[in-house]
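Next comes upload10.cif, with mmCIF, C-alpha atoms.
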data_protein
#
loop_
_atom_site.group_PDB
_atom_site.id
_atom_site.type_symbol
_atom_site.label_atom_id
_atom_site.label_comp_id
_atom_site.auth_asym_id
_atom_site.auth_seq_id
_atom_site.Cartn_x
_atom_site.Cartn_y
_atom_site.Cartn_z
ATOM 1 C CA MET A 24 25.979 -8.231 -1.286
ATOM 2 C CA ASN A 25 27.869 -5.265 0.079
ATOM 3 C CA ARG A 26 26.526 -1.838 0.917
ATOM 4 C CA GLU A 27 27.173 -0.375 -2.479
ATOM 5 C CA GLN A 28 25.457 -3.211 -4.327
ATOM 6 C CA PHE A 29 22.492 -3.136 -1.989
ATOM 7 C CA LEU A 30 21.969 0.603 -2.390
ATOM 8 C CA LYS A 31 22.463 0.415 -6.130
ATOM 9 C CA GLN A 32 19.821 -2.283 -6.503
ATOM 10 C CA LEU A 33 17.425 -0.440 -4.263
ATOM 11 C CA ASN A 34 18.009 2.748 -6.200
ATOM 12 C CA ALA A 35 17.321 0.931 -9.457
ATOM 13 C CA SER A 36 14.042 -0.495 -8.198
ATOM 14 C CA LEU A 37 12.901 2.979 -7.095
ATOM 15 C CA LYS A 38 13.416 4.733 -10.408
ATOM 16 C CA LYS A 39 9.738 5.613 -10.683
ATOM 17 C CA LEU A 40 9.833 7.736 -7.551
ATOM 18 C CA SER A 41 10.804 11.399 -7.430
ATOM 19 C CA ASP A 42 14.468 12.141 -6.793
ATOM 20 C CA GLU A 43 13.590 13.726 -3.492
ATOM 21 C CA GLU A 44 11.735 10.697 -2.207
ATOM 22 C CA LYS A 45 14.365 8.320 -3.521
ATOM 23 C CA GLU A 46 17.053 10.310 -1.787
ATOM 24 C CA ASP A 47 15.115 10.179 1.464
ATOM 25 C CA ILE A 48 14.686 6.404 1.281
ATOM 26 C CA LEU A 49 18.325 5.755 0.412
ATOM 27 C CA GLN A 50 19.322 8.037 3.266
ATOM 28 C CA ASP A 51 17.455 5.768 5.702
ATOM 29 C CA PHE A 52 19.387 2.762 4.498
ATOM 30 C CA GLU A 53 22.689 4.654 4.462
ATOM 31 C CA GLU A 54 22.038 5.462 8.087
ATOM 32 C CA HIS A 55 21.229 1.833 8.796
ATOM 33 C CA PHE A 56 24.526 0.704 7.282
ATOM 34 C CA ASP A 57 26.437 3.451 9.105
ATOM 35 C CA ILE A 58 25.142 2.479 12.509
ATOM 36 C CA GLY A 59 25.563 -1.215 11.818
ATOM 37 C CA LYS A 60 29.123 -0.607 10.785
ATOM 38 C CA SER A 61 29.847 1.442 13.897
ATOM 39 C CA GLU A 62 28.705 -1.589 15.879
ATOM 40 C CA GLY A 63 31.296 -3.654 14.056
ATOM 41 C CA LYS A 64 28.995 -5.598 11.749
ATOM 42 C CA PRO A 65 30.279 -6.413 8.270
ATOM 43 C CA GLU A 66 28.359 -4.895 5.356
ATOM 44 C CA GLU A 67 27.433 -8.291 3.960
ATOM 45 C CA GLU A 68 25.790 -9.311 7.182
ATOM 46 C CA ILE A 69 23.806 -6.081 7.431
ATOM 47 C CA SER A 70 22.507 -6.317 3.874
ATOM 48 C CA LYS A 71 21.620 -9.975 4.333
ATOM 49 C CA SER A 72 19.495 -9.158 7.377
ATOM 50 C CA LEU A 73 17.806 -6.348 5.499
ATOM 51 C CA GLY A 74 16.564 -8.772 2.874
ATOM 52 C CA SER A 75 16.090 -8.316 -0.856
ATOM 53 C CA PRO A 76 16.398 -4.693 -2.005
ATOM 54 C CA ASN A 77 14.045 -5.489 -4.882
ATOM 55 C CA GLN A 78 11.296 -6.597 -2.532
ATOM 56 C CA ILE A 79 11.805 -3.513 -0.368
ATOM 57 C CA GLY A 80 11.633 -1.420 -3.525
ATOM 58 C CA LYS A 81 8.380 -3.065 -4.575
ATOM 59 C CA GLU A 82 6.794 -2.367 -1.212
ATOM 60 C CA LEU A 83 7.842 1.262 -1.371
ATOM 61 C CA ILE A 84 6.520 1.644 -4.911
ATOM 62 C CA ALA A 85 3.205 0.060 -3.968
ATOM 63 C CA THR A 86 2.846 2.387 -0.983
ATOM 64 C CA HIS A 87 3.712 5.334 -3.195
ATOM 65 C CA TYR A 88 1.134 4.599 -5.881
ATOM 66 C CA LEU A 89 -1.541 3.741 -3.358
ATOM 67 C CA GLY A 90 -1.006 7.111 -1.729
ATOM 68 C CA LYS A 91 -1.301 8.799 -5.101
ATOM 69 C CA ALA A 92 -4.421 6.844 -6.035
ATOM 70 C CA GLU A 93 -5.981 7.874 -2.740
ATOM 71 C CA ASP A 94 -5.158 11.531 -3.221
ATOM 72 C CA HIS A 95 -6.411 11.676 -6.741
ATOM 73 C CA TYR A 96 -8.670 9.078 -8.329
ATOM 74 C CA SER A 97 -7.431 9.212 -11.891
ATOM 75 C CA ALA A 98 -7.493 6.160 -14.125
ATOM 76 C CA GLY A 99 -3.710 6.317 -14.516
ATOM 77 C CA ASN A 100 -3.103 6.411 -10.785
ATOM 78 C CA ILE A 101 -5.437 3.519 -10.167
ATOM 79 C CA PHE A 102 -3.899 1.389 -12.899
ATOM 80 C CA ARG A 103 -0.444 2.041 -11.543
ATOM 81 C CA ALA A 104 -1.556 1.219 -7.999
ATOM 82 C CA VAL A 105 -3.163 -2.027 -9.153
ATOM 83 C CA TRP A 106 -0.039 -2.916 -11.051
ATOM 84 C CA ALA A 107 2.232 -2.180 -8.097
ATOM 85 C CA VAL A 108 0.125 -4.166 -5.653
ATOM 86 C CA ILE A 109 0.004 -7.099 -8.052
ATOM 87 C CA GLY A 110 3.786 -6.941 -8.266
ATOM 88 C CA LEU A 111 4.107 -7.622 -4.544
ATOM 89 C CA GLY A 112 3.485 -11.298 -4.946
ATOM 90 C CA PHE A 113 1.645 -14.058 -6.696
ATOM 91 C CA PHE A 114 -1.123 -14.072 -4.102
ATOM 92 C CA ASN A 115 -2.010 -10.519 -5.086
ATOM 93 C CA LEU A 116 -2.172 -11.429 -8.725
ATOM 94 C CA VAL A 117 -5.121 -13.632 -7.920
ATOM 95 C CA ILE A 118 -6.989 -11.578 -5.380
ATOM 96 C CA VAL A 119 -6.423 -8.174 -6.983
ATOM 97 C CA LEU A 120 -6.440 -8.719 -10.718
ATOM 98 C CA GLY A 121 -9.612 -10.854 -10.744
ATOM 99 C CA PRO A 122 -11.875 -8.399 -8.940
ATOM 100 C CA PHE A 123 -10.270 -5.506 -10.790
ATOM 101 C CA ILE A 124 -11.124 -6.889 -14.216
ATOM 102 C CA ALA A 125 -14.635 -7.824 -13.112
ATOM 103 C CA ILE A 126 -15.340 -4.371 -11.685
ATOM 104 C CA LEU A 127 -13.781 -2.630 -14.647
ATOM 105 C CA SER A 128 -15.984 -4.542 -17.096
ATOM 106 C CA VAL A 129 -19.153 -3.726 -15.202
ATOM 107 C CA VAL A 130 -18.311 -0.029 -14.998
ATOM 108 C CA LEU A 131 -17.291 0.080 -18.631
ATOM 109 C CA ALA A 132 -20.499 -1.687 -19.715
ATOM 110 C CA GLY A 133 -22.567 0.849 -17.774
ATOM 111 C CA TRP A 134 -20.823 3.783 -19.405
ATOM 112 C CA ILE A 135 -21.090 2.346 -22.888
ATOM 113 C CA THR A 136 -24.814 1.736 -22.448
ATOM 114 C CA GLY A 137 -25.364 5.271 -21.189
ATOM 115 C CA LEU A 138 -23.351 6.878 -23.961
ATOM 116 C CA ALA A 139 -24.941 4.748 -26.677
ATOM 117 C CA PHE A 140 -28.383 5.843 -25.462
ATOM 118 C CA ILE A 141 -27.345 9.482 -25.431
ATOM 119 C CA ILE A 142 -26.112 9.474 -29.017
ATOM 120 C CA SER A 143 -29.001 7.374 -30.337
ATOM 121 C CA PRO A 144 -30.772 10.330 -32.151
ATOM 122 C CA LEU A 145 -27.527 10.814 -34.015
ATOM 123 C CA LEU A 146 -27.743 7.211 -35.132
ATOM 124 C CA VAL A 147 -31.273 7.810 -36.368
ATOM 125 C CA LEU A 148 -30.055 10.802 -38.365
ATOM 126 C CA ILE A 149 -27.222 8.787 -39.843
ATOM 127 C CA ASN A 150 -29.754 6.153 -40.764
ATOM 128 C CA VAL A 151 -31.877 8.785 -42.518
ATOM 129 C CA VAL A 152 -28.890 10.055 -44.442
ATOM 130 C CA ILE A 153 -28.011 6.585 -45.632
ATOM 131 C CA TYR A 154 -31.562 5.352 -46.286
ATOM 132 C CA PRO A 155 -33.690 8.466 -46.778
ATOM 133 C CA GLY A 156 -36.770 6.342 -47.372
ATOM 134 C CA ALA A 157 -36.666 4.572 -44.065
ATOM 135 C CA PHE A 158 -37.394 7.578 -41.851
ATOM 136 C CA GLU A 159 -40.056 7.100 -39.231
ATOM 137 C CA LEU A 160 -41.070 9.677 -36.677
ATOM 138 C CA PHE A 161 -41.384 6.944 -34.085
ATOM 139 C CA ASP A 162 -37.632 6.194 -34.344
ATOM 140 C CA LEU A 163 -36.796 9.822 -33.730
ATOM 141 C CA PHE A 164 -39.027 10.169 -30.658
ATOM 142 C CA PHE A 165 -37.948 6.871 -29.296
ATOM 143 C CA SER A 166 -34.285 7.790 -29.658
ATOM 144 C CA ILE A 167 -34.865 11.148 -27.959
ATOM 145 C CA ALA A 168 -36.453 9.285 -25.069
ATOM 146 C CA LEU A 169 -33.401 7.045 -24.998
ATOM 147 C CA THR A 170 -31.184 10.118 -24.800
ATOM 148 C CA GLY A 171 -33.006 11.163 -21.640
ATOM 149 C CA LEU A 172 -32.576 7.706 -20.211
ATOM 150 C CA GLY A 173 -28.918 7.703 -21.286
ATOM 151 C CA ILE A 174 -28.287 10.972 -19.458
ATOM 152 C CA LEU A 175 -29.819 9.502 -16.326
ATOM 153 C CA ILE A 176 -27.670 6.384 -16.666
ATOM 154 C CA ALA A 177 -24.563 8.488 -17.194
ATOM 155 C CA ILE A 178 -25.285 10.556 -14.085
ATOM 156 C CA GLY A 179 -25.905 7.360 -12.174
ATOM 157 C CA MET A 180 -22.658 5.899 -13.494
ATOM 158 C CA LEU A 181 -20.802 8.971 -12.316
ATOM 159 C CA TYR A 182 -21.809 8.214 -8.744
ATOM 160 C CA VAL A 183 -21.332 4.471 -9.137
ATOM 161 C CA THR A 184 -17.855 4.959 -10.574
ATOM 162 C CA ARG A 185 -16.831 7.276 -7.782
ATOM 163 C CA PHE A 186 -18.209 4.926 -5.145
ATOM 164 C CA ILE A 187 -16.569 1.855 -6.651
ATOM 165 C CA THR A 188 -13.255 3.625 -7.096
ATOM 166 C CA THR A 189 -13.126 4.657 -3.456
ATOM 167 C CA GLY A 190 -14.018 1.156 -2.380
ATOM 168 C CA PHE A 191 -11.501 -0.467 -4.642
ATOM 169 C CA VAL A 192 -8.635 1.774 -3.575
ATOM 170 C CA ARG A 193 -9.481 0.921 0.009
ATOM 171 C CA TYR A 194 -9.398 -2.753 -0.895
ATOM 172 C CA LEU A 195 -5.992 -2.316 -2.526
ATOM 173 C CA ASN A 196 -4.681 -0.601 0.552
ATOM 174 C CA TYR A 197 -5.933 -3.317 2.818
ATOM 175 C CA ASN A 198 -4.352 -5.802 0.498
ATOM 176 C CA ALA A 199 -0.955 -4.176 0.377
ATOM 177 C CA LYS A 200 -0.923 -4.059 4.150
ATOM 178 C CA LEU A 201 -1.786 -7.713 4.423
ATOM 179 C CA VAL A 202 0.659 -9.167 2.032
ATOM 180 C CA LYS A 203 3.649 -6.899 2.365
ATOM 181 C CA GLY A 204 6.119 -9.389 3.735
ATOM 182 C CA GLY A 205 6.939 -8.807 7.355
ATOM 183 C CA LEU A 206 8.592 -11.999 8.475
ATOM 184 C CA LYS A 207 10.617 -14.635 6.773
ATOM 185 C CA HIS A 208 8.843 -17.914 6.310
ATOM 186 C CA GLU A 209 10.199 -20.120 8.990
ATOM 187 C CA MET B 27 4.366 -18.762 9.480
ATOM 188 C CA ASN B 28 1.497 -16.914 7.895
ATOM 189 C CA ILE B 29 2.906 -13.590 6.748
ATOM 190 C CA GLN B 30 -0.473 -11.932 6.565
ATOM 191 C CA PHE B 31 -0.913 -12.047 10.244
ATOM 192 C CA ASN B 32 2.656 -11.082 10.961
ATOM 193 C CA LYS B 33 2.328 -7.880 9.019
ATOM 194 C CA GLY B 34 -0.136 -6.439 11.464
ATOM 195 C CA ALA B 35 2.032 -7.674 14.290
ATOM 196 C CA LEU B 36 5.017 -5.798 12.894
ATOM 197 C CA GLU B 37 3.034 -2.582 12.785
ATOM 198 C CA LEU B 38 1.925 -3.124 16.358
ATOM 199 C CA CYS B 39 5.507 -3.797 17.483
ATOM 200 C CA VAL B 40 6.802 -0.608 15.908
ATOM 201 C CA LEU B 41 4.067 1.569 17.376
ATOM 202 C CA ALA B 42 4.404 -0.041 20.804
ATOM 203 C CA LEU B 43 8.175 0.511 20.837
ATOM 204 C CA LEU B 44 7.602 4.204 20.142
ATOM 205 C CA ASP B 45 5.028 4.661 22.874
ATOM 206 C CA LYS B 46 7.425 5.576 25.684
ATOM 207 C CA THR B 47 10.396 6.970 23.810
ATOM 208 C CA ASP B 48 11.392 8.164 20.368
ATOM 209 C CA ARG B 49 13.726 5.831 18.540
ATOM 210 C CA TYR B 50 15.757 5.766 15.353
ATOM 211 C CA GLY B 51 15.224 3.230 12.584
ATOM 212 C CA TYR B 52 18.179 1.007 13.283
ATOM 213 C CA GLU B 53 17.221 0.772 16.935
ATOM 214 C CA LEU B 54 13.657 -0.246 16.074
ATOM 215 C CA VAL B 55 14.891 -2.886 13.678
ATOM 216 C CA GLN B 56 17.290 -4.327 16.267
ATOM 217 C CA LYS B 57 14.687 -4.375 19.037
ATOM 218 C CA ILE B 58 12.245 -6.246 16.854
ATOM 219 C CA SER B 59 14.701 -8.701 15.384
ATOM 220 C CA GLU B 60 15.940 -9.576 18.874
ATOM 221 C CA GLN B 61 12.509 -11.106 19.416
ATOM 222 C CA ILE B 62 11.259 -12.212 16.038
ATOM 223 C CA THR B 63 12.876 -13.088 12.742
ATOM 224 C CA ILE B 64 12.026 -10.444 10.211
ATOM 225 C CA SER B 65 13.314 -9.370 6.898
ATOM 226 C CA GLU B 66 14.727 -6.207 8.457
ATOM 227 C CA GLY B 67 14.441 -4.028 5.407
ATOM 228 C CA SER B 68 10.653 -4.142 5.449
ATOM 229 C CA VAL B 69 10.562 -2.088 8.626
ATOM 230 C CA TYR B 70 11.520 0.986 6.595
ATOM 231 C CA PRO B 71 8.616 0.808 4.127
ATOM 232 C CA LEU B 72 6.378 0.278 7.140
ATOM 233 C CA LEU B 73 7.791 3.354 8.865
ATOM 234 C CA ARG B 74 7.197 5.433 5.746
ATOM 235 C CA ARG B 75 3.633 4.266 5.579
ATOM 236 C CA LEU B 76 3.062 5.025 9.255
ATOM 237 C CA LYS B 77 4.451 8.482 8.632
ATOM 238 C CA LYS B 78 2.201 8.985 5.640
ATOM 239 C CA GLU B 79 -0.779 7.982 7.737
ATOM 240 C CA ASP B 80 0.300 10.497 10.410
ATOM 241 C CA TYR B 81 0.844 7.864 13.072
ATOM 242 C CA VAL B 82 4.464 8.927 13.472
ATOM 243 C CA THR B 83 6.582 11.973 12.689
ATOM 244 C CA THR B 84 10.327 12.177 12.250
ATOM 245 C CA TYR B 85 13.099 14.545 13.214
ATOM 246 C CA LEU B 86 16.849 14.507 12.827
ATOM 247 C CA GLN B 87 19.098 14.526 15.841
ATOM 248 C CA GLU B 88 22.855 14.659 16.068
ATOM 249 C CA SER B 89 24.434 11.606 17.551
ATOM 250 C CA THR B 90 27.627 11.514 19.611
ATOM 251 C CA GLU B 91 29.023 8.838 17.340
ATOM 252 C CA GLY B 92 28.863 9.874 13.712
ATOM 253 C CA PRO B 93 26.191 11.538 11.559
ATOM 254 C CA SER B 94 22.716 12.594 12.672
ATOM 255 C CA ARG B 95 19.972 10.013 12.975
ATOM 256 C CA LYS B 96 16.365 10.078 11.979
ATOM 257 C CA TYR B 97 14.165 9.634 15.026
ATOM 258 C CA TYR B 98 10.582 8.458 14.899
ATOM 259 C CA MET B 99 8.024 9.899 17.281
ATOM 260 C CA LEU B 100 4.492 8.685 17.901
ATOM 261 C CA THR B 101 1.799 11.294 17.167
ATOM 262 C CA ASP B 102 -1.440 11.645 19.145
ATOM 263 C CA LYS B 103 -3.220 9.923 16.296
ATOM 264 C CA GLY B 104 -0.694 7.091 16.410
ATOM 265 C CA ARG B 105 -1.066 6.750 20.150
ATOM 266 C CA GLU B 106 -4.829 6.630 19.837
ATOM 267 C CA TYR B 107 -4.524 3.952 17.173
ATOM 268 C CA LEU B 108 -2.126 1.970 19.351
ATOM 269 C CA ARG B 109 -4.660 2.056 22.191
ATOM 270 C CA VAL B 110 -7.173 0.491 19.840
ATOM 271 C CA ILE B 111 -4.991 -2.242 18.389
ATOM 272 C CA ILE B 112 -3.348 -3.426 21.625
ATOM 273 C CA PRO B 113 -6.548 -4.856 23.137
ATOM 274 C CA GLU B 114 -7.492 -6.268 19.738
ATOM 275 C CA TRP B 115 -4.190 -8.058 19.613
ATOM 276 C CA GLN B 116 -4.546 -9.318 23.169
ATOM 277 C CA ILE B 117 -7.965 -10.747 22.518
ATOM 278 C CA PHE B 118 -6.677 -12.350 19.348
ATOM 279 C CA SER B 119 -3.577 -13.879 20.940
ATOM 280 C CA SER B 120 -5.397 -15.138 24.014
ATOM 281 C CA GLY B 121 -7.927 -16.734 21.703
ATOM 282 C CA VAL B 122 -5.164 -18.475 19.792
ATOM 283 C CA ASN B 123 -3.503 -19.564 23.032
ATOM 284 C CA TYR B 124 -6.745 -20.960 24.321
ATOM 285 C CA LEU B 125 -7.257 -22.955 21.164
ATOM 286 C CA ILE B 126 -3.713 -24.289 21.286
ATOM 287 C CA LYS B 127 -4.248 -25.394 24.842
ATOM 288 C CA GLU B 128 -7.563 -27.005 24.028
ATOM 289 C CA GLY B 129 -6.214 -28.675 20.922
ATOM 290 C CA THR B 130 -2.896 -29.988 22.165
ATOM 291 C CA GLY B 131 -3.198 -30.039 25.969
ATOM 292 C CA ASN B 132 -3.435 -33.488 27.493
ATOM 293 C CA GLU B 133 -5.581 -33.883 30.530
#
What's the structure tokens form of this structure?
Amino acid sequence: MNREQFLKQLNASLKKLSDEEKEDILQDFEEHFDIGKSEGKPEEEISKSLGSPNQIGKELIATHYLGKAEDHYSAGNIFRAVWAVIGLGFFNLVIVLGPFIAILSVVLAGWITGLAFIISPLLVLINVVIYPGAFELFDLFFSIALTGLGILIAIGMLYVTRFITTGFVRYLNYNAKLVKGGLKHE
Amino acid sequence: MNIQFNKGALELCVLALLDKTDRYGYELVQKISEQITISEGSVYPLLRRLKKEDYVTTYLQESTEGPSRKYYMLTDKGREYLRVIIPEWQIFSSGVNYLIKEGTGNE
């Protein structure tokens, strides 16, 4: 692979980054090729030592999304970070995706429970509309009590979600640092 | 070789090389690959991460031969971090060495 092919492939694998950042990264590698060339090394040799541009691209993308997920805990950012870290290698597929799905289900279950409790009086009303004869005061009071409980659960879930998100992003970070290939297997 | 453990080593190498003097990327890559076999391109993602974590900063400097180069400089935070990880590494590597000696040494 010559310089042009290397840079083209790297550029292609970085398409999700901003132009500015992409430019900055490519500049680093341009510089690397320039200096290598001035030392009399052929382009092929330089690009071979650099390794796969796709793998380098993946590492850069993972770092990018992790940074974003850390700055702002939005669902989109976290999904993208998880995806990017998983992309780094098969090992990550196992140790990231598994815990991620498990945690996501628990959090989701908590939220659904809380929200279902909160809207339970509404369900009683719907029930009354459909079967006017079946109305019992007990159902109404019980569902109002559930609403209170649901609000408490939702508030609790707010904290739990925030706590888990922070923890999980930290885990991702730790993970990306561990597995990002440093050395060749030899 | 277990790449997980090498990753931390690579970070340590880069920070240690920047302790006394600022260096440009190509120079760092060469210094490291003189000693250990690495996929050289992964030094650049590492450098970006170190910059993001404020362990290093960069500046451009004209070079006598050709275009300007991006130099990497250790920050105070980076230096502090280096002072923490060097002894950790030394304890780790002397532990490994001890175990190698105990396991394979013939008395």
Which residues match the PyMOL selection byres ((chain B and resi 66-77) around 7) in the file above, as a ChimeraX atom specification? /A:72-74,79,82-83,86,205 /B:55,64-65,78-83
State, in Å with one decimal place, the distance from CA of Trp134 (chain A) to CA of Leu181 (chain A). 8.8 Å
For CA of Gln32 (chain A) and CA of Pro76 (chain A), the interatomic separation in Å (one decimal):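 Those two atoms sit 6.1 Å apart.
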For this file, the PyMOL selection byres ((chain B and resi 35-48) around 10) selects which residues, as number ranges by chain? A: 200, 204-206; B: 29-34, 49-51, 53-55, 57-58, 62, 64, 68-69, 72-73, 75-76, 81-85, 96-101, 104-105, 107-109, 111-112, 115
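Restricting the calculation to all atoms listed in the file, the smallest distance between chain B and any of A:Tyr197, A:Phe123, A:Phe191, A:Tyr182 is found for A:Tyr197.
Here CA of Ile118 (chain A) stands at a distance of 26.4 Å from CA of Ile135 (chain A).
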How would you write, as an MDAnalysis selection string, the residues chosen by the PyMOL selection byres ((chain A and resi 54) around 9) on this structure? (chainID A and resid 49:53 55:59) or (chainID B and resid 51:52 93:96)
Output region 149-158 of chain A with all heavy atoms present, as a PDB file, keeping the file's coordinate frame.
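Writing done, so here's selection-v3.pdb:
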ATOM      1  N   ILE A 149     -28.121   9.460 -38.904  1.00  0.00           N
ATOM      2  CA  ILE A 149     -27.222   8.787 -39.843  1.00  0.00           C
ATOM      3  C   ILE A 149     -28.003   7.807 -40.709  1.00  0.00           C
ATOM      4  O   ILE A 149     -27.838   7.737 -41.929  1.00  0.00           O
ATOM      5  CB  ILE A 149     -26.098   8.041 -39.077  1.00  0.00           C
ATOM      6  CG1 ILE A 149     -25.176   9.063 -38.406  1.00  0.00           C
ATOM      7  CG2 ILE A 149     -25.300   7.138 -40.015  1.00  0.00           C
ATOM      8  CD1 ILE A 149     -24.177   8.454 -37.453  1.00  0.00           C
ATOM      9  N   ASN A 150     -28.911   7.114 -40.058  1.00  0.00           N
ATOM     10  CA  ASN A 150     -29.754   6.153 -40.764  1.00  0.00           C
ATOM     11  C   ASN A 150     -30.548   6.847 -41.876  1.00  0.00           C
ATOM     12  O   ASN A 150     -30.665   6.340 -42.992  1.00  0.00           O
ATOM     13  CB  ASN A 150     -30.679   5.471 -39.752  1.00  0.00           C
ATOM     14  CG  ASN A 150     -31.322   4.225 -40.328  1.00  0.00           C
ATOM     15  OD1 ASN A 150     -30.697   3.542 -41.146  1.00  0.00           O
ATOM     16  ND2 ASN A 150     -32.548   3.960 -39.936  1.00  0.00           N
ATOM     17  N   VAL A 151     -31.081   8.026 -41.538  1.00  0.00           N
ATOM     18  CA  VAL A 151     -31.877   8.785 -42.518  1.00  0.00           C
ATOM     19  C   VAL A 151     -31.019   9.194 -43.701  1.00  0.00           C
ATOM     20  O   VAL A 151     -31.441   9.143 -44.856  1.00  0.00           O
ATOM     21  CB  VAL A 151     -32.499  10.028 -41.838  1.00  0.00           C
ATOM     22  CG1 VAL A 151     -33.119  10.954 -42.886  1.00  0.00           C
ATOM     23  CG2 VAL A 151     -33.545   9.597 -40.825  1.00  0.00           C
ATOM     24  N   VAL A 152     -29.786   9.626 -43.374  1.00  0.00           N
ATOM     25  CA  VAL A 152     -28.890  10.055 -44.442  1.00  0.00           C
ATOM     26  C   VAL A 152     -28.598   8.886 -45.387  1.00  0.00           C
ATOM     27  O   VAL A 152     -28.609   9.038 -46.611  1.00  0.00           O
ATOM     28  CB  VAL A 152     -27.575  10.614 -43.850  1.00  0.00           C
ATOM     29  CG1 VAL A 152     -26.558  10.880 -44.972  1.00  0.00           C
ATOM     30  CG2 VAL A 152     -27.879  11.904 -43.102  1.00  0.00           C
ATOM     31  N   ILE A 153     -28.373   7.733 -44.798  1.00  0.00           N
ATOM     32  CA  ILE A 153     -28.011   6.585 -45.632  1.00  0.00           C
ATOM     33  C   ILE A 153     -29.226   6.026 -46.388  1.00  0.00           C
ATOM     34  O   ILE A 153     -29.156   5.770 -47.584  1.00  0.00           O
ATOM     35  CB  ILE A 153     -27.356   5.476 -44.784  1.00  0.00           C
ATOM     36  CG1 ILE A 153     -26.107   6.053 -44.092  1.00  0.00           C
ATOM     37  CG2 ILE A 153     -26.942   4.284 -45.660  1.00  0.00           C
ATOM     38  CD1 ILE A 153     -25.436   5.099 -43.126  1.00  0.00           C
ATOM     39  N   TYR A 154     -30.333   5.868 -45.642  1.00  0.00           N
ATOM     40  CA  TYR A 154     -31.562   5.352 -46.286  1.00  0.00           C
ATOM     41  C   TYR A 154     -32.669   6.379 -46.113  1.00  0.00           C
ATOM     42  O   TYR A 154     -33.497   6.241 -45.197  1.00  0.00           O
ATOM     43  CB  TYR A 154     -32.029   4.039 -45.638  1.00  0.00           C
ATOM     44  CG  TYR A 154     -30.949   2.985 -45.579  1.00  0.00           C
ATOM     45  CD1 TYR A 154     -30.340   2.647 -44.377  1.00  0.00           C
ATOM     46  CD2 TYR A 154     -30.557   2.304 -46.741  1.00  0.00           C
ATOM     47  CE1 TYR A 154     -29.366   1.681 -44.316  1.00  0.00           C
ATOM     48  CE2 TYR A 154     -29.576   1.343 -46.692  1.00  0.00           C
ATOM     49  CZ  TYR A 154     -28.981   1.025 -45.483  1.00  0.00           C
ATOM     50  OH  TYR A 154     -28.019   0.074 -45.426  1.00  0.00           O
ATOM     51  N   PRO A 155     -32.707   7.385 -46.979  1.00  0.00           N
ATOM     52  CA  PRO A 155     -33.690   8.466 -46.778  1.00  0.00           C
ATOM     53  C   PRO A 155     -35.132   7.958 -46.715  1.00  0.00           C
ATOM     54  O   PRO A 155     -35.978   8.556 -46.041  1.00  0.00           O
ATOM     55  CB  PRO A 155     -33.490   9.353 -48.016  1.00  0.00           C
ATOM     56  CG  PRO A 155     -32.107   9.013 -48.496  1.00  0.00           C
ATOM     57  CD  PRO A 155     -31.880   7.576 -48.164  1.00  0.00           C
ATOM     58  N   GLY A 156     -35.407   6.842 -47.360  1.00  0.00           N
ATOM     59  CA  GLY A 156     -36.770   6.342 -47.372  1.00  0.00           C
ATOM     60  C   GLY A 156     -37.233   5.736 -46.066  1.00  0.00           C
ATOM     61  O   GLY A 156     -38.434   5.647 -45.811  1.00  0.00           O
ATOM     62  N   ALA A 157     -36.309   5.365 -45.239  1.00  0.00           N
ATOM     63  CA  ALA A 157     -36.666   4.572 -44.065  1.00  0.00           C
ATOM     64  C   ALA A 157     -37.038   5.421 -42.841  1.00  0.00           C
ATOM     65  O   ALA A 157     -37.215   4.906 -41.750  1.00  0.00           O
ATOM     66  CB  ALA A 157     -35.522   3.633 -43.704  1.00  0.00           C
ATOM     67  N   PHE A 158     -37.161   6.731 -43.018  1.00  0.00           N
ATOM     68  CA  PHE A 158     -37.394   7.578 -41.851  1.00  0.00           C
ATOM     69  C   PHE A 158     -38.777   7.370 -41.241  1.00  0.00           C
ATOM     70  O   PHE A 158     -39.789   7.388 -41.926  1.00  0.00           O
ATOM     71  CB  PHE A 158     -37.234   9.049 -42.254  1.00  0.00           C
ATOM     72  CG  PHE A 158     -37.458   9.976 -41.112  1.00  0.00           C
ATOM     73  CD1 PHE A 158     -36.507  10.077 -40.093  1.00  0.00           C
ATOM     74  CD2 PHE A 158     -38.619  10.731 -41.029  1.00  0.00           C
ATOM     75  CE1 PHE A 158     -36.718  10.928 -39.036  1.00  0.00           C
ATOM     76  CE2 PHE A 158     -38.830  11.584 -39.965  1.00  0.00           C
ATOM     77  CZ  PHE A 158     -37.871  11.686 -38.968  1.00  0.00           C
TER      78      PHE A 158
END
